[in-house]
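Take a look at the structure set out below.
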Amino acid sequence: MDILLASDASALIEKAVKGGNLAFIPTAADTYKNKWWIKEDKIKLGEKGFDLTKIDLKRKVSLKELKKFDIIYVAGGNSFYLLEKIRESGFDKAIKKLIEKEITYVGSSAGAVVAGPDIWPIRFLDDPSKTKLRSFKGLNLVDFIPLPHFGNNKYSKPYEKVMKGLEKAKYKYIKIRENQAVFVKDNKVKIIEA
């Protein structure tokens, strides 16, 4: 099982993952007018030799469709919207089977957050009102809550609230700064820096 979680995974992906056939999932950005980071991700990944195929989670996806990829790359945006579309599309069931088969999951920003056990703690960073979610349980691909963009001045006030909530929470968490990624291989966690 290989999982790479980062604030900007496209900047650090080559430190953990070699080029290959990549499913690019930009769905989390749908709630934004300006999706500049999606364009940046595509450019960076293309320059690093990845062959990208866009997969939209606003429709059903199947294990058969996804298993032809070496890497599943879930881009950033709104974590709550992303989790809703993950469930509606069936991606949540497929990804767990795919990871068992040695496909690499790469989560950037919101894509990192949903990999954890619960996304509710980051409600001060993303807007939960964008969805009708009843449960905030994440994919549980890792046993900690990823906290992307930690230390970024833009998110300093919301992170104060997040950290207060996490002090009372039952979950472990890992702070991920802009120039970092968390690489999980065979349940061993390693911090990678740019």
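Lettering and numbering for the structure tokens are positional, with chains as A, B, ... in the shown order, residues counted from 1 in each chain, and ligands counted from 1 in the shown order.
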
Excluding stretch 136-147 of chain A and its own-chain neighbours fewer than 3 positions away, which residues fall within 8 Å of it when counting only C-alpha atoms? Please give them as a CSV table (one decimal) with C-alpha atoms, in the first residue's frame.
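Result went into part02.csv, see below:
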chain,number,residue,atom,x,y,z
A,5,LEU,CA,-0.6,13.0,0.9
A,80,PHE,CA,-16.8,18.1,2.0
A,83,LEU,CA,-16.3,13.3,0.0
A,92,ASP,CA,-15.0,4.9,-1.9
A,96,LYS,CA,-9.9,0.4,-1.0
A,112,ALA,CA,-5.2,14.3,1.3
A,113,VAL,CA,-7.9,15.2,3.9
A,114,VAL,CA,-10.4,12.7,2.7
A,115,ALA,CA,-7.9,9.9,3.0
A,116,GLY,CA,-8.1,10.1,6.8
A,117,PRO,CA,-10.7,8.7,9.2
A,118,ASP,CA,-12.8,11.9,9.6
A,119,ILE,CA,-13.0,15.2,7.8
A,120,TRP,CA,-15.1,17.1,10.3
A,122,ILE,CA,-11.2,20.6,9.1
A,133,LEU,CA,-23.3,14.9,4.0
A,150,PHE,CA,-0.3,23.9,7.9
A,171,TYR,CA,-7.7,11.0,16.2
A,172,LYS,CA,-4.0,11.3,15.5
A,173,TYR,CA,-3.1,14.0,13.0
A,174,ILE,CA,-0.1,15.0,10.9
A,175,LYS,CA,0.6,18.6,10.0
A,176,ILE,CA,1.7,19.0,6.4

As a compact mmCIF listing (two decimals) with N, CA and C atoms, in the first residue's frame, please: the residues near A:Lys101 (cut-off 12 Å, only C-alpha atoms, same-chain neighbours under 4 positions excluded).
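The resulting file, around.txt, is reproduced below:
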# COMPACT_ATOMS: atom_id res chain seq x y z
N MET A 1 0.84 -1.18 0.00
CA MET A 1 0.00 0.00 0.00
C MET A 1 0.88 1.24 0.00
N ASP A 2 0.74 2.07 -1.03
CA ASP A 2 1.48 3.33 -1.13
C ASP A 2 0.49 4.49 -1.17
N LEU A 63 -14.55 -0.20 -10.48
CA LEU A 63 -13.25 -0.80 -10.20
C LEU A 63 -12.56 -1.13 -11.52
N LEU A 66 -11.00 1.98 -13.04
CA LEU A 66 -9.87 2.55 -12.30
C LEU A 66 -8.66 1.63 -12.20
N LYS A 67 -8.86 0.33 -12.31
CA LYS A 67 -7.73 -0.58 -12.09
C LYS A 67 -6.69 -0.57 -13.20
N LYS A 68 -6.98 0.12 -14.31
CA LYS A 68 -5.99 0.21 -15.39
C LYS A 68 -4.92 1.27 -15.11
N PHE A 69 -5.09 2.02 -14.01
CA PHE A 69 -4.14 3.07 -13.67
C PHE A 69 -3.12 2.59 -12.64
N ASP A 70 -1.92 3.17 -12.70
CA ASP A 70 -0.88 2.90 -11.69
C ASP A 70 -1.08 3.80 -10.48
N ILE A 71 -1.60 5.01 -10.73
CA ILE A 71 -1.71 6.04 -9.70
C ILE A 71 -3.10 6.68 -9.79
N ALA A 94 -14.25 1.38 -4.50
CA ALA A 94 -13.22 0.97 -5.46
C ALA A 94 -11.81 1.25 -4.95
N ILE A 95 -11.58 2.41 -4.33
CA ILE A 95 -10.21 2.78 -3.95
C ILE A 95 -9.64 1.83 -2.90
N LYS A 96 -10.45 1.36 -2.01
CA LYS A 96 -9.94 0.43 -0.99
C LYS A 96 -9.46 -0.87 -1.62
N LYS A 97 -10.17 -1.36 -2.61
CA LYS A 97 -9.75 -2.57 -3.32
C LYS A 97 -8.51 -2.30 -4.16
N TYR A 105 -2.27 5.75 -4.18
CA TYR A 105 -3.21 6.85 -3.97
C TYR A 105 -2.39 8.10 -3.66

Problem set entry | A:Leu22 environment, 12 Å, only C-alpha atoms, sequence neighbours closer than 3 positions dropped, as a PyMOL selection string | chain A and resi 10+13+17-19+25+42+45-46+48-55+66-74+103-106

Exercise. Which of chain A counts as helix (DSSP H, G or I) under DSSP, as number ranges by chain please?
Worked result: A: 9-15, 27-31, 36-47, 63-66, 79-89, 91-100, 110-113, 120-122, 128-130, 153-168

What would the file look like if the residues just selected were written as a PDB file, in the first residue's frame with C-alpha atoms?
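File part04.pdb, as written:
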ATOM      1  CA  ALA A   9       1.273  16.688  -4.296  1.00  0.00           C
ATOM      2  CA  SER A  10       2.188  17.617  -7.877  1.00  0.00           C
ATOM      3  CA  ALA A  11       5.296  19.394  -6.541  1.00  0.00           C
ATOM      4  CA  LEU A  12       6.567  16.371  -4.572  1.00  0.00           C
ATOM      5  CA  ILE A  13       5.125  13.331  -6.336  1.00  0.00           C
ATOM      6  CA  GLU A  14       8.369  12.265  -8.023  1.00  0.00           C
ATOM      7  CA  LYS A  15      10.058  11.882  -4.610  1.00  0.00           C
ATOM      8  CA  THR A  27     -13.772  16.994  -8.752  1.00  0.00           C
ATOM      9  CA  ALA A  28     -13.020  18.773  -5.435  1.00  0.00           C
ATOM     10  CA  ALA A  29     -12.427  22.014  -7.364  1.00  0.00           C
ATOM     11  CA  ASP A  30     -15.972  22.098  -8.791  1.00  0.00           C
ATOM     12  CA  THR A  31     -17.206  24.486  -6.091  1.00  0.00           C
ATOM     13  CA  TRP A  36      -5.861  27.723 -10.988  1.00  0.00           C
ATOM     14  CA  TRP A  37      -4.313  24.872  -8.950  1.00  0.00           C
ATOM     15  CA  ILE A  38      -5.910  22.246 -11.208  1.00  0.00           C
ATOM     16  CA  LYS A  39      -4.197  23.782 -14.239  1.00  0.00           C
ATOM     17  CA  GLU A  40      -0.904  23.937 -12.304  1.00  0.00           C
ATOM     18  CA  ASP A  41      -1.210  20.299 -11.217  1.00  0.00           C
ATOM     19  CA  LYS A  42      -1.781  19.147 -14.800  1.00  0.00           C
ATOM     20  CA  ILE A  43       1.224  21.105 -16.075  1.00  0.00           C
ATOM     21  CA  LYS A  44       3.556  19.868 -13.305  1.00  0.00           C
ATOM     22  CA  LEU A  45       2.441  16.256 -13.641  1.00  0.00           C
ATOM     23  CA  GLY A  46       2.807  16.357 -17.423  1.00  0.00           C
ATOM     24  CA  GLU A  47       6.309  17.821 -17.112  1.00  0.00           C
ATOM     25  CA  LEU A  63     -13.255  -0.799 -10.199  1.00  0.00           C
ATOM     26  CA  LYS A  64     -12.757  -2.007 -13.770  1.00  0.00           C
ATOM     27  CA  GLU A  65     -12.332   1.567 -15.035  1.00  0.00           C
ATOM     28  CA  LEU A  66      -9.871   2.548 -12.299  1.00  0.00           C
ATOM     29  CA  SER A  79     -13.062  18.356   1.104  1.00  0.00           C
ATOM     30  CA  PHE A  80     -16.750  18.076   2.011  1.00  0.00           C
ATOM     31  CA  TYR A  81     -17.934  18.297  -1.603  1.00  0.00           C
ATOM     32  CA  LEU A  82     -15.234  15.813  -2.602  1.00  0.00           C
ATOM     33  CA  LEU A  83     -16.298  13.287   0.042  1.00  0.00           C
ATOM     34  CA  GLU A  84     -19.921  13.557  -1.081  1.00  0.00           C
ATOM     35  CA  LYS A  85     -18.956  12.848  -4.710  1.00  0.00           C
ATOM     36  CA  ILE A  86     -16.623  10.033  -3.623  1.00  0.00           C
ATOM     37  CA  ARG A  87     -19.562   8.266  -2.002  1.00  0.00           C
ATOM     38  CA  GLU A  88     -22.093   8.996  -4.758  1.00  0.00           C
ATOM     39  CA  SER A  89     -19.723   7.765  -7.485  1.00  0.00           C
ATOM     40  CA  PHE A  91     -15.082   5.631  -5.661  1.00  0.00           C
ATOM     41  CA  ASP A  92     -14.954   4.948  -1.903  1.00  0.00           C
ATOM     42  CA  LYS A  93     -15.512   1.230  -2.435  1.00  0.00           C
ATOM     43  CA  ALA A  94     -13.217   0.973  -5.462  1.00  0.00           C
ATOM     44  CA  ILE A  95     -10.212   2.781  -3.950  1.00  0.00           C
ATOM     45  CA  LYS A  96      -9.944   0.427  -0.986  1.00  0.00           C
ATOM     46  CA  LYS A  97      -9.753  -2.573  -3.323  1.00  0.00           C
ATOM     47  CA  LEU A  98      -7.291  -0.778  -5.603  1.00  0.00           C
ATOM     48  CA  ILE A  99      -4.899   0.081  -2.785  1.00  0.00           C
ATOM     49  CA  GLU A 100      -4.817  -3.586  -1.789  1.00  0.00           C
ATOM     50  CA  ALA A 110      -8.650  18.037  -0.108  1.00  0.00           C
ATOM     51  CA  GLY A 111      -7.536  14.755  -1.688  1.00  0.00           C
ATOM     52  CA  ALA A 112      -5.245  14.303   1.317  1.00  0.00           C
ATOM     53  CA  VAL A 113      -7.912  15.239   3.885  1.00  0.00           C
ATOM     54  CA  TRP A 120     -15.125  17.085  10.332  1.00  0.00           C
ATOM     55  CA  PRO A 121     -12.103  18.560  12.171  1.00  0.00           C
ATOM     56  CA  ILE A 122     -11.201  20.643   9.100  1.00  0.00           C
ATOM     57  CA  PRO A 128     -19.377  21.916   4.859  1.00  0.00           C
ATOM     58  CA  SER A 129     -22.549  23.691   3.668  1.00  0.00           C
ATOM     59  CA  LYS A 130     -21.589  22.858   0.058  1.00  0.00           C
ATOM     60  CA  ASN A 153      -0.507  32.413   6.743  1.00  0.00           C
ATOM     61  CA  LYS A 154      -3.703  32.303   4.688  1.00  0.00           C
ATOM     62  CA  TYR A 155      -4.992  29.515   6.952  1.00  0.00           C
ATOM     63  CA  SER A 156      -3.518  30.580  10.311  1.00  0.00           C
ATOM     64  CA  LYS A 157      -6.803  31.772  11.913  1.00  0.00           C
ATOM     65  CA  PRO A 158      -8.866  28.752  10.789  1.00  0.00           C
ATOM     66  CA  TYR A 159      -6.081  26.408  11.897  1.00  0.00           C
ATOM     67  CA  GLU A 160      -6.222  27.872  15.419  1.00  0.00           C
ATOM     68  CA  LYS A 161      -9.815  26.589  15.615  1.00  0.00           C
ATOM     69  CA  VAL A 162      -8.925  23.259  13.990  1.00  0.00           C
ATOM     70  CA  MET A 163      -6.128  22.635  16.486  1.00  0.00           C
ATOM     71  CA  LYS A 164      -8.361  23.444  19.474  1.00  0.00           C
ATOM     72  CA  GLY A 165     -10.853  20.867  18.241  1.00  0.00           C
ATOM     73  CA  LEU A 166      -8.171  18.275  17.568  1.00  0.00           C
ATOM     74  CA  GLU A 167      -6.832  18.603  21.109  1.00  0.00           C
ATOM     75  CA  LYS A 168     -10.120  17.048  22.246  1.00  0.00           C
TER      76      LYS A 168
END

Exercise. Just how far from atom CA of A:Glu193 is atom CA of A:Gly151, in Å to one decimal?
Worked result: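 Separation between atom CA of A:Gly151 and atom CA of A:Glu193: 14.4 Å.
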
For this session: Would you please work out which residue, of A:Asn34, A:Arg123, A:Ala169, A:Gly107, is nearest to A:Val182 when using only C-alpha atoms?
Result: A:Gly107

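Minimum atom-to-atom distance to A:Asp56, evaluated using only C-alpha atoms, belongs to A:Ala23 out of A:Lys33, A:Ser108, A:Ala16, A:Ala23.
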
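Relative to atom CA of A:Ala6, atom CA of A:Ser109 is found at 6.0 Å.
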
Exercise. Do you have the atom CA of A:Asn152-atom CA of A:Lys132 distance handy?
Worked result: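 Atom CA of A:Asn152 sits 28.8 Å away from atom CA of A:Lys132.
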
If we count only C-alpha atoms, what is near A:His149 at a cut-off of 7 Å, once residues fewer than 4 positions away on the same chain are taken out, given as a PDB file with N, CA and C atoms, in the first residue's frame?
ATOM      1  N   SER A   7       0.106  19.039   0.636  1.00  0.00           N
ATOM      2  CA  SER A   7      -0.593  20.290   0.340  1.00  0.00           C
ATOM      3  C   SER A   7      -0.617  20.493  -1.169  1.00  0.00           C
ATOM      4  N   ILE A 176       0.946  19.003   7.673  1.00  0.00           N
ATOM      5  CA  ILE A 176       1.665  18.955   6.397  1.00  0.00           C
ATOM      6  C   ILE A 176       1.867  20.382   5.906  1.00  0.00           C
ATOM      7  N   ARG A 177       3.094  20.831   5.910  1.00  0.00           N
ATOM      8  CA  ARG A 177       3.418  22.180   5.438  1.00  0.00           C
ATOM      9  C   ARG A 177       3.430  22.202   3.917  1.00  0.00           C
ATOM     10  N   GLU A 178       3.488  23.396   3.347  1.00  0.00           N
ATOM     11  CA  GLU A 178       3.414  23.556   1.890  1.00  0.00           C
ATOM     12  C   GLU A 178       4.502  22.795   1.141  1.00  0.00           C
TER      13      GLU A 178
END

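Nearest residue to A:Pro26, choosing from A:Asp8, A:Leu57, A:Ala75, A:Ser62 and counting only C-alpha atoms: A:Ala75.
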